[in-house]
Amino acid sequence: MANSQLAIGVDVGGTKVLGGVVDTSGKILRTFREETPLDGGDSLNRTIAKVIVELQKTHDTSAVGISAAGLISSDRATMLGAPNIKDWDGVNISQALREICQVNAIVENDANSAAWAERVYGAGRGAENVIMVTVGTGIGGAAVVDGKLLRGAHGTGAEFGHMRVVPDGNLCGCGIKGCFERYASGTALVIRTKEAITKNPKAGEALLALGDGTVAGLIGNHITQAAQSGDPMAIEALEIAGDWLGAGIATLAMLFDPAIVVIGGGVGDAGELLLAPARRAMEREMPFSGKHPVPEIVLAKLGNGAGLVGAADLARN
Ligand SMILES: [Zn+2]
């Protein structure tokens, strides 16, 4: 059994626990899902165990990796701080799973898991230096440096969303002002677009028509949709978001010197409408212009399965 090259990855989200059996080419052979229990903590550990045991019934596997949002200890066992899950802070998940279902599992941050999957099987395939920036409600980050996932001294490295880009800027949920994600995330995109519509309701009509007609009903998806059909206000909103993103990437390129920057998350669905302005801003804001090498900025390829595929692969290696 231990000879199997198959591994189980489990992606723990706020609403569902999605497990999958992953082969060495990154293919998901089978999935099994359960709802995330609202009371978190031990109930959640038991749900994860249930998903693992169910997948083990049909496939011989040799490793288990758990992908979850939050700060994870550098020994890949303990959840130091989970933003969306109740009663999980400080829980040694690996130990809990050993006790419940006699499985040895590693735990990895969700952004790290997804970046690893992209680096091994997706948009960053084959590159030794890759960073991933996940642009969604907030901004997640991960870095593969010289072929290794960067964890840092405490397992909490590469939190790009909270690097300060504006001194004394907008207050962030982390308690600090001026964080990158307050300017370049999907949330920032929606806030900025709502302000633009309030200032110029006529120009925002097409955008509002995609929702319930109110500014409050506007969501990020509407902006992408409207931009794709040529709406000038939506295109401009994505250009501004891409500009913030690219300027931030210039700083990250100075720190990590990646060959490839992979953009994931829901806002990435806008594709070139976001990436083209991001590339322009990165080149404009790059120190030592024309001399410092410029990374490629590309879209993530693996979609929602990346977290579980990456966690499975990290567990196997
Ligand atoms: Zn912050």
# chains A, B, ... in the order shown; residues from 1 in each chain; ligands from 1
>>> select_by_dssp(residues="stretch 272-309 of chain A", states="alpha helix (DSSP H)", output="PyMOL selection string")
chain A and resi 272-285+306-309
>>> closest_atom_pairs(of="chain A", to="ligand 1", cutoff="6 Å", atoms="only C-alpha atoms and all ligand atoms", output="JSON lines")
{"residue": "A:His162", "atom": "CA", "partner": "ligand 1", "partner_atom_place_in_ligand_line": "1 (Zn)", "distance": 4.0}
{"residue": "A:Cys172", "atom": "CA", "partner": "ligand 1", "partner_atom_place_in_ligand_line": "1 (Zn)", "distance": 4.5}
{"residue": "A:Gly173", "atom": "CA", "partner": "ligand 1", "partner_atom_place_in_ligand_line": "1 (Zn)", "distance": 5.8}
{"residue": "A:Cys174", "atom": "CA", "partner": "ligand 1", "partner_atom_place_in_ligand_line": "1 (Zn)", "distance": 4.3}
{"residue": "A:Ile176", "atom": "CA", "partner": "ligand 1", "partner_atom_place_in_ligand_line": "1 (Zn)", "distance": 5.4}
{"residue": "A:Cys179", "atom": "CA", "partner": "ligand 1", "partner_atom_place_in_ligand_line": "1 (Zn)", "distance": 4.7}
>>> residues_around(residues="A:Ala250", least_positions_apart="6", cutoff="12 Å", atoms="only C-alpha atoms", output="JSON list (two decimals) with N, CA, C and O atoms, in the first residue's frame")
[["chain", "number", "residue", "atom", "x", "y", "z"],
["A", 131, "ILE", "N", 6.05, 33.15, -8.41],
["A", 131, "ILE", "CA", 5.19, 33.64, -7.35],
["A", 131, "ILE", "C", 3.76, 33.61, -7.85],
["A", 131, "ILE", "O", 3.49, 33.68, -9.04],
["A", 165, "VAL", "N", 1.42, 49.44, 0.61],
["A", 165, "VAL", "CA", 1.70, 50.13, -0.66],
["A", 165, "VAL", "C", 1.36, 51.62, -0.59],
["A", 165, "VAL", "O", 1.79, 52.38, -1.44],
["A", 243, "ASP", "N", -3.55, 48.23, -12.70],
["A", 243, "ASP", "CA", -2.45, 49.15, -12.44],
["A", 243, "ASP", "C", -1.90, 48.96, -11.02],
["A", 243, "ASP", "O", -0.68, 48.84, -10.83],
["A", 244, "TRP", "N", -2.80, 48.88, -10.04],
["A", 244, "TRP", "CA", -2.35, 48.62, -8.65],
["A", 244, "TRP", "C", -1.64, 47.27, -8.57],
["A", 244, "TRP", "O", -0.61, 47.12, -7.92],
["A", 256, "PHE", "N", 11.79, 38.80, -5.18],
["A", 256, "PHE", "CA", 11.86, 37.36, -5.45],
["A", 256, "PHE", "C", 12.48, 37.01, -6.80],
["A", 256, "PHE", "O", 12.82, 35.86, -7.02],
["A", 257, "ASP", "N", 12.58, 37.96, -7.70],
["A", 257, "ASP", "CA", 13.09, 37.71, -9.05],
["A", 257, "ASP", "C", 12.48, 36.46, -9.69],
["A", 257, "ASP", "O", 13.20, 35.54, -10.10],
["A", 258, "PRO", "N", 11.15, 36.39, -9.76],
["A", 258, "PRO", "CA", 10.51, 35.21, -10.35],
["A", 258, "PRO", "C", 10.61, 35.21, -11.87],
["A", 258, "PRO", "O", 10.70, 36.29, -12.48],
["A", 261, "VAL", "N", 4.95, 35.08, -12.85],
["A", 261, "VAL", "CA", 3.99, 35.50, -11.83],
["A", 261, "VAL", "C", 2.63, 34.95, -12.26],
["A", 261, "VAL", "O", 2.13, 35.30, -13.33],
["A", 278, "ALA", "N", -1.80, 45.38, -15.93],
["A", 278, "ALA", "CA", -0.86, 44.97, -14.87],
["A", 278, "ALA", "C", 0.56, 44.91, -15.43],
["A", 278, "ALA", "O", 1.52, 45.35, -14.79],
["A", 279, "ARG", "N", 0.70, 44.37, -16.66],
["A", 279, "ARG", "CA", 2.04, 44.30, -17.28],
["A", 279, "ARG", "C", 2.61, 45.70, -17.52],
["A", 279, "ARG", "O", 3.78, 45.96, -17.26],
["A", 280, "ARG", "N", 1.74, 46.58, -18.01],
["A", 280, "ARG", "CA", 2.21, 47.96, -18.27],
["A", 280, "ARG", "C", 2.68, 48.62, -16.97],
["A", 280, "ARG", "O", 3.73, 49.25, -16.93],
["A", 281, "ALA", "N", 1.88, 48.47, -15.91],
["A", 281, "ALA", "CA", 2.24, 49.10, -14.63],
["A", 281, "ALA", "C", 3.52, 48.49, -14.06],
["A", 281, "ALA", "O", 4.37, 49.19, -13.52],
["A", 282, "MET", "N", 3.66, 47.17, -14.20],
["A", 282, "MET", "CA", 4.87, 46.52, -13.68],
["A", 282, "MET", "C", 6.11, 47.08, -14.38],
["A", 282, "MET", "O", 7.11, 47.41, -13.73],
["A", 283, "GLU", "N", 6.04, 47.24, -15.69],
["A", 283, "GLU", "CA", 7.21, 47.76, -16.42],
["A", 283, "GLU", "C", 7.48, 49.22, -16.08],
["A", 283, "GLU", "O", 8.61, 49.63, -15.90],
["A", 284, "ARG", "N", 6.40, 49.98, -15.92],
["A", 284, "ARG", "CA", 6.55, 51.40, -15.59],
["A", 284, "ARG", "C", 7.15, 51.59, -14.19],
["A", 284, "ARG", "O", 7.97, 52.48, -13.98],
["A", 285, "GLU", "N", 6.75, 50.74, -13.25],
["A", 285, "GLU", "CA", 7.16, 50.90, -11.85],
["A", 285, "GLU", "C", 8.40, 50.09, -11.48],
["A", 285, "GLU", "O", 8.84, 50.11, -10.34],
["A", 286, "MET", "N", 8.95, 49.36, -12.44],
["A", 286, "MET", "CA", 10.11, 48.51, -12.12],
["A", 286, "MET", "C", 11.36, 49.36, -11.91],
["A", 286, "MET", "O", 11.77, 50.12, -12.79],
["A", 287, "PRO", "N", 11.97, 49.25, -10.73],
["A", 287, "PRO", "CA", 13.23, 49.97, -10.52],
["A", 287, "PRO", "C", 14.29, 49.51, -11.52],
["A", 287, "PRO", "O", 14.21, 48.38, -12.04],
["A", 288, "PHE", "N", 15.26, 50.32, -11.80],
["A", 288, "PHE", "CA", 16.33, 50.02, -12.78],
["A", 288, "PHE", "C", 15.72, 49.68, -14.14],
["A", 288, "PHE", "O", 16.08, 48.69, -14.77],
["A", 289, "SER", "N", 14.75, 50.50, -14.53],
["A", 289, "SER", "CA", 13.98, 50.26, -15.75],
["A", 289, "SER", "C", 14.87, 49.88, -16.92],
["A", 289, "SER", "O", 15.88, 50.52, -17.20],
["A", 292, "HIS", "N", 16.51, 45.73, -15.04],
["A", 292, "HIS", "CA", 16.03, 44.61, -14.21],
["A", 292, "HIS", "C", 15.16, 43.69, -15.05],
["A", 292, "HIS", "O", 14.23, 44.15, -15.71],
["A", 293, "PRO", "N", 15.45, 42.38, -15.04],
["A", 293, "PRO", "CA", 14.63, 41.46, -15.84],
["A", 293, "PRO", "C", 13.16, 41.49, -15.39],
["A", 293, "PRO", "O", 12.88, 41.66, -14.20],
["A", 294, "VAL", "N", 12.28, 41.35, -16.34],
["A", 294, "VAL", "CA", 10.84, 41.44, -16.08],
["A", 294, "VAL", "C", 10.22, 40.04, -16.16],
["A", 294, "VAL", "O", 10.45, 39.33, -17.13],
["A", 295, "PRO", "N", 9.47, 39.64, -15.13],
["A", 295, "PRO", "CA", 8.84, 38.31, -15.20],
["A", 295, "PRO", "C", 7.64, 38.31, -16.14],
["A", 295, "PRO", "O", 7.09, 39.36, -16.45],
["A", 296, "GLU", "N", 7.25, 37.13, -16.56],
["A", 296, "GLU", "CA", 5.99, 36.97, -17.30],
["A", 296, "GLU", "C", 4.84, 37.04, -16.31],
["A", 296, "GLU", "O", 4.95, 36.49, -15.21],
["A", 297, "ILE", "N", 3.74, 37.67, -16.69],
["A", 297, "ILE", "CA", 2.53, 37.63, -15.85],
["A", 297, "ILE", "C", 1.50, 36.82, -16.61],
["A", 297, "ILE", "O", 1.11, 37.17, -17.72]]
>>> residues_around(residues="stretch 66-72 of chain A", least_positions_apart="5", cutoff="7 Å", atoms="only C-alpha atoms", output="compact mmCIF listing (two decimals) with N, CA and C atoms, in the first residue's frame")
# COMPACT_ATOMS: atom_id res chain seq x y z
N GLY A 9 -5.62 14.76 -1.49
CA GLY A 9 -5.59 16.18 -1.12
C GLY A 9 -6.97 16.57 -0.63
N VAL A 10 -7.03 17.39 0.41
CA VAL A 10 -8.32 17.85 0.93
C VAL A 10 -8.30 19.36 1.03
N ASP A 11 -9.23 20.00 0.33
CA ASP A 11 -9.33 21.46 0.35
C ASP A 11 -10.43 21.85 1.33
N VAL A 12 -10.05 22.51 2.42
CA VAL A 12 -11.03 22.89 3.44
C VAL A 12 -11.44 24.34 3.22
N GLY A 13 -12.66 24.54 2.77
CA GLY A 13 -13.15 25.89 2.54
C GLY A 13 -14.19 26.28 3.58
N THR A 78 -0.09 22.45 12.62
CA THR A 78 -1.01 23.20 13.49
C THR A 78 -1.56 24.45 12.80
N MET A 79 -2.87 24.67 12.96
CA MET A 79 -3.50 25.89 12.48
C MET A 79 -3.28 26.99 13.52
N LEU A 80 -2.44 27.96 13.18
CA LEU A 80 -2.15 29.03 14.14
C LEU A 80 -3.28 30.06 14.18
N GLY A 81 -3.86 30.31 13.02
CA GLY A 81 -4.94 31.29 12.96
C GLY A 81 -5.78 31.07 11.72
N ALA A 82 -7.04 30.65 11.91
CA ALA A 82 -7.94 30.42 10.77
C ALA A 82 -8.92 31.59 10.68
N PRO A 83 -8.93 32.31 9.54
CA PRO A 83 -9.79 33.49 9.45
C PRO A 83 -11.28 33.17 9.36
N ALA A 105 -1.09 13.17 8.09
CA ALA A 105 -1.37 14.20 7.08
C ALA A 105 -0.55 15.45 7.35
N ILE A 106 -0.19 16.14 6.29
CA ILE A 106 0.42 17.46 6.45
C ILE A 106 -0.65 18.53 6.17
N VAL A 107 -0.45 19.71 6.75
CA VAL A 107 -1.38 20.81 6.52
C VAL A 107 -0.61 21.94 5.85
N GLU A 108 -1.20 22.51 4.81
CA GLU A 108 -0.52 23.59 4.09
C GLU A 108 -1.50 24.73 3.85
N ASN A 109 -1.01 25.94 3.87
CA ASN A 109 -1.81 27.12 3.55
C ASN A 109 -2.40 26.99 2.13
N ASP A 110 -3.62 27.44 1.95
CA ASP A 110 -4.30 27.25 0.66
C ASP A 110 -3.60 27.95 -0.51
N SER A 113 -0.56 25.88 -1.36
CA SER A 113 -0.96 24.64 -2.06
C SER A 113 -1.25 24.93 -3.53
N GLY A 155 6.35 29.71 9.16
CA GLY A 155 5.36 29.14 8.25
C GLY A 155 4.41 30.16 7.67
N THR A 156 4.69 31.44 7.87
CA THR A 156 3.72 32.47 7.48
C THR A 156 4.28 33.45 6.43
N GLY A 307 -5.88 23.79 -5.04
CA GLY A 307 -5.56 23.62 -3.62
C GLY A 307 -5.37 22.18 -3.24
N LEU A 308 -6.30 21.34 -3.65
CA LEU A 308 -6.19 19.94 -3.25
C LEU A 308 -5.10 19.21 -4.02
N ALA A 311 -1.77 20.30 -2.32
CA ALA A 311 -1.59 19.70 -0.99
C ALA A 311 -1.23 18.22 -1.13
>>> residues_around(residues="stretch 218-220 of chain A", least_positions_apart="5", cutoff="8 Å", atoms="only C-alpha atoms", output="PyMOL selection string")
chain A and resi 186-187+189-190+194+207-208+211-212+267
>>> write_last_selection(atoms="all heavy atoms", output="compact mmCIF listing (two decimals), in the first residue's frame")
# COMPACT_ATOMS: atom_id res chain seq x y z
N GLY A 186 -10.38 42.18 -5.37
CA GLY A 186 -11.73 42.27 -5.91
C GLY A 186 -12.61 43.20 -5.09
O GLY A 186 -13.44 43.93 -5.64
N THR A 187 -12.42 43.16 -3.78
CA THR A 187 -13.19 44.04 -2.90
C THR A 187 -12.92 45.51 -3.24
O THR A 187 -13.85 46.32 -3.35
CB THR A 187 -12.83 43.78 -1.42
OG1 THR A 187 -13.04 42.39 -1.16
CG2 THR A 187 -13.67 44.60 -0.47
N LEU A 189 -11.84 46.68 -6.06
CA LEU A 189 -12.40 46.91 -7.41
C LEU A 189 -13.88 47.26 -7.32
O LEU A 189 -14.35 48.21 -7.96
CB LEU A 189 -12.18 45.64 -8.26
CG LEU A 189 -12.90 45.55 -9.61
CD1 LEU A 189 -12.30 46.55 -10.60
CD2 LEU A 189 -12.81 44.13 -10.17
N VAL A 190 -14.62 46.50 -6.51
CA VAL A 190 -16.06 46.74 -6.38
C VAL A 190 -16.33 48.08 -5.69
O VAL A 190 -17.17 48.85 -6.14
CB VAL A 190 -16.74 45.56 -5.63
CG1 VAL A 190 -18.19 45.90 -5.31
CG2 VAL A 190 -16.67 44.28 -6.47
N LYS A 194 -18.34 51.15 -7.45
CA LYS A 194 -19.56 51.70 -6.84
C LYS A 194 -19.45 53.22 -6.71
O LYS A 194 -20.41 53.95 -6.98
CB LYS A 194 -19.80 51.08 -5.46
CG LYS A 194 -20.36 49.66 -5.54
CD LYS A 194 -20.55 49.09 -4.14
CE LYS A 194 -21.24 47.72 -4.22
NZ LYS A 194 -21.37 47.10 -2.90
N LEU A 207 -23.76 48.56 -16.25
CA LEU A 207 -23.23 47.75 -15.16
C LEU A 207 -24.33 47.33 -14.19
O LEU A 207 -24.43 46.16 -13.81
CB LEU A 207 -22.18 48.57 -14.41
CG LEU A 207 -20.72 48.27 -14.72
CD1 LEU A 207 -19.84 49.34 -14.10
CD2 LEU A 207 -20.34 46.90 -14.20
N LEU A 208 -25.15 48.30 -13.80
CA LEU A 208 -26.20 48.01 -12.82
C LEU A 208 -27.26 47.08 -13.39
O LEU A 208 -27.86 46.29 -12.66
CB LEU A 208 -26.85 49.31 -12.34
CG LEU A 208 -25.96 50.23 -11.50
CD1 LEU A 208 -26.79 51.39 -10.92
CD2 LEU A 208 -25.28 49.47 -10.36
N GLY A 211 -27.15 43.42 -12.50
CA GLY A 211 -27.57 42.94 -11.17
C GLY A 211 -29.03 43.32 -10.93
O GLY A 211 -29.85 43.25 -11.84
N ASP A 212 -29.32 43.71 -9.69
CA ASP A 212 -30.70 44.07 -9.37
C ASP A 212 -31.00 45.55 -9.61
O ASP A 212 -32.03 46.06 -9.21
CB ASP A 212 -31.01 43.69 -7.92
CG ASP A 212 -30.13 44.42 -6.92
OD1 ASP A 212 -29.32 45.30 -7.36
OD2 ASP A 212 -30.22 44.14 -5.71
N VAL A 267 -10.97 37.52 -9.69
CA VAL A 267 -10.76 38.70 -10.55
C VAL A 267 -9.92 38.33 -11.77
O VAL A 267 -10.02 38.95 -12.83
CB VAL A 267 -10.12 39.86 -9.75
CG1 VAL A 267 -9.97 41.12 -10.61
CG2 VAL A 267 -10.96 40.20 -8.52
>>> decode(residues="stretch 34-45 of chain A", atoms="all heavy atoms", output="PDB file, in the first residue's frame")
ATOM      1  N   GLU A  34     -18.008  17.070   1.488  1.00  0.00           N
ATOM      2  CA  GLU A  34     -18.937  17.192   2.609  1.00  0.00           C
ATOM      3  C   GLU A  34     -19.087  18.688   2.884  1.00  0.00           C
ATOM      4  O   GLU A  34     -18.192  19.473   2.564  1.00  0.00           O
ATOM      5  CB  GLU A  34     -18.355  16.538   3.864  1.00  0.00           C
ATOM      6  CG  GLU A  34     -18.377  15.007   3.863  1.00  0.00           C
ATOM      7  CD  GLU A  34     -19.760  14.448   4.210  1.00  0.00           C
ATOM      8  OE1 GLU A  34     -20.403  14.962   5.140  1.00  0.00           O
ATOM      9  OE2 GLU A  34     -20.194  13.504   3.520  1.00  0.00           O
ATOM     10  N   GLU A  35     -20.189  19.062   3.516  1.00  0.00           N
ATOM     11  CA  GLU A  35     -20.329  20.468   3.929  1.00  0.00           C
ATOM     12  C   GLU A  35     -19.415  20.753   5.115  1.00  0.00           C
ATOM     13  O   GLU A  35     -19.196  19.883   5.953  1.00  0.00           O
ATOM     14  CB  GLU A  35     -21.781  20.746   4.342  1.00  0.00           C
ATOM     15  CG  GLU A  35     -22.659  21.087   3.166  1.00  0.00           C
ATOM     16  CD  GLU A  35     -24.098  21.371   3.592  1.00  0.00           C
ATOM     17  OE1 GLU A  35     -24.301  21.829   4.732  1.00  0.00           O
ATOM     18  OE2 GLU A  35     -24.976  21.117   2.774  1.00  0.00           O
ATOM     19  N   THR A  36     -18.902  21.965   5.186  1.00  0.00           N
ATOM     20  CA  THR A  36     -18.085  22.367   6.334  1.00  0.00           C
ATOM     21  C   THR A  36     -19.008  22.596   7.529  1.00  0.00           C
ATOM     22  O   THR A  36     -19.928  23.412   7.438  1.00  0.00           O
ATOM     23  CB  THR A  36     -17.336  23.676   6.024  1.00  0.00           C
ATOM     24  OG1 THR A  36     -16.581  23.494   4.828  1.00  0.00           O
ATOM     25  CG2 THR A  36     -16.396  24.063   7.163  1.00  0.00           C
ATOM     26  N   PRO A  37     -18.801  21.863   8.628  1.00  0.00           N
ATOM     27  CA  PRO A  37     -19.682  22.067   9.788  1.00  0.00           C
ATOM     28  C   PRO A  37     -19.503  23.473  10.370  1.00  0.00           C
ATOM     29  O   PRO A  37     -18.373  23.950  10.504  1.00  0.00           O
ATOM     30  CB  PRO A  37     -19.236  20.993  10.780  1.00  0.00           C
ATOM     31  CG  PRO A  37     -17.895  20.544  10.328  1.00  0.00           C
ATOM     32  CD  PRO A  37     -17.771  20.841   8.868  1.00  0.00           C
ATOM     33  N   LEU A  38     -20.616  24.109  10.701  1.00  0.00           N
ATOM     34  CA  LEU A  38     -20.571  25.502  11.163  1.00  0.00           C
ATOM     35  C   LEU A  38     -19.836  25.654  12.487  1.00  0.00           C
ATOM     36  O   LEU A  38     -19.284  26.715  12.780  1.00  0.00           O
ATOM     37  CB  LEU A  38     -21.998  26.061  11.306  1.00  0.00           C
ATOM     38  CG  LEU A  38     -22.761  26.232   9.988  1.00  0.00           C
ATOM     39  CD1 LEU A  38     -24.187  26.696  10.240  1.00  0.00           C
ATOM     40  CD2 LEU A  38     -22.029  27.226   9.073  1.00  0.00           C
ATOM     41  N   ASP A  39     -19.837  24.581  13.297  1.00  0.00           N
ATOM     42  CA  ASP A  39     -19.185  24.706  14.605  1.00  0.00           C
ATOM     43  C   ASP A  39     -17.677  24.469  14.530  1.00  0.00           C
ATOM     44  O   ASP A  39     -16.983  24.542  15.542  1.00  0.00           O
ATOM     45  CB  ASP A  39     -19.854  23.798  15.652  1.00  0.00           C
ATOM     46  CG  ASP A  39     -19.975  22.353  15.196  1.00  0.00           C
ATOM     47  OD1 ASP A  39     -19.856  22.093  13.974  1.00  0.00           O
ATOM     48  OD2 ASP A  39     -20.173  21.478  16.046  1.00  0.00           O
ATOM     49  N   GLY A  40     -17.145  24.215  13.322  1.00  0.00           N
ATOM     50  CA  GLY A  40     -15.685  24.131  13.125  1.00  0.00           C
ATOM     51  C   GLY A  40     -15.027  23.116  14.049  1.00  0.00           C
ATOM     52  O   GLY A  40     -15.578  22.041  14.304  1.00  0.00           O
ATOM     53  N   GLY A  41     -13.838  23.470  14.540  1.00  0.00           N
ATOM     54  CA  GLY A  41     -13.125  22.683  15.553  1.00  0.00           C
ATOM     55  C   GLY A  41     -13.122  21.186  15.321  1.00  0.00           C
ATOM     56  O   GLY A  41     -12.793  20.709  14.233  1.00  0.00           O
ATOM     57  N   ASP A  42     -13.511  20.437  16.378  1.00  0.00           N
ATOM     58  CA  ASP A  42     -13.440  18.985  16.312  1.00  0.00           C
ATOM     59  C   ASP A  42     -14.405  18.410  15.278  1.00  0.00           C
ATOM     60  O   ASP A  42     -14.101  17.409  14.620  1.00  0.00           O
ATOM     61  CB  ASP A  42     -13.711  18.387  17.706  1.00  0.00           C
ATOM     62  CG  ASP A  42     -13.245  16.947  17.776  1.00  0.00           C
ATOM     63  OD1 ASP A  42     -12.097  16.678  17.366  1.00  0.00           O
ATOM     64  OD2 ASP A  42     -14.040  16.084  18.191  1.00  0.00           O
ATOM     65  N   SER A  43     -15.579  19.048  15.101  1.00  0.00           N
ATOM     66  CA  SER A  43     -16.526  18.566  14.084  1.00  0.00           C
ATOM     67  C   SER A  43     -15.869  18.616  12.712  1.00  0.00           C
ATOM     68  O   SER A  43     -16.026  17.710  11.894  1.00  0.00           O
ATOM     69  CB  SER A  43     -17.778  19.442  14.028  1.00  0.00           C
ATOM     70  OG  SER A  43     -18.392  19.487  15.259  1.00  0.00           O
ATOM     71  N   LEU A  44     -15.134  19.689  12.477  1.00  0.00           N
ATOM     72  CA  LEU A  44     -14.466  19.831  11.180  1.00  0.00           C
ATOM     73  C   LEU A  44     -13.379  18.763  11.014  1.00  0.00           C
ATOM     74  O   LEU A  44     -13.260  18.151   9.947  1.00  0.00           O
ATOM     75  CB  LEU A  44     -13.878  21.239  11.040  1.00  0.00           C
ATOM     76  CG  LEU A  44     -13.096  21.519   9.751  1.00  0.00           C
ATOM     77  CD1 LEU A  44     -13.934  21.203   8.510  1.00  0.00           C
ATOM     78  CD2 LEU A  44     -12.649  22.974   9.706  1.00  0.00           C
ATOM     79  N   ASN A  45     -12.598  18.519  12.064  1.00  0.00           N
ATOM     80  CA  ASN A  45     -11.575  17.465  11.973  1.00  0.00           C
ATOM     81  C   ASN A  45     -12.222  16.124  11.619  1.00  0.00           C
ATOM     82  O   ASN A  45     -11.689  15.353  10.820  1.00  0.00           O
ATOM     83  CB  ASN A  45     -10.819  17.337  13.300  1.00  0.00           C
ATOM     84  CG  ASN A  45     -10.011  18.590  13.620  1.00  0.00           C
ATOM     85  OD1 ASN A  45      -9.684  19.363  12.716  1.00  0.00           O
ATOM     86  ND2 ASN A  45      -9.709  18.799  14.889  1.00  0.00           N
TER      87      ASN A  45
END
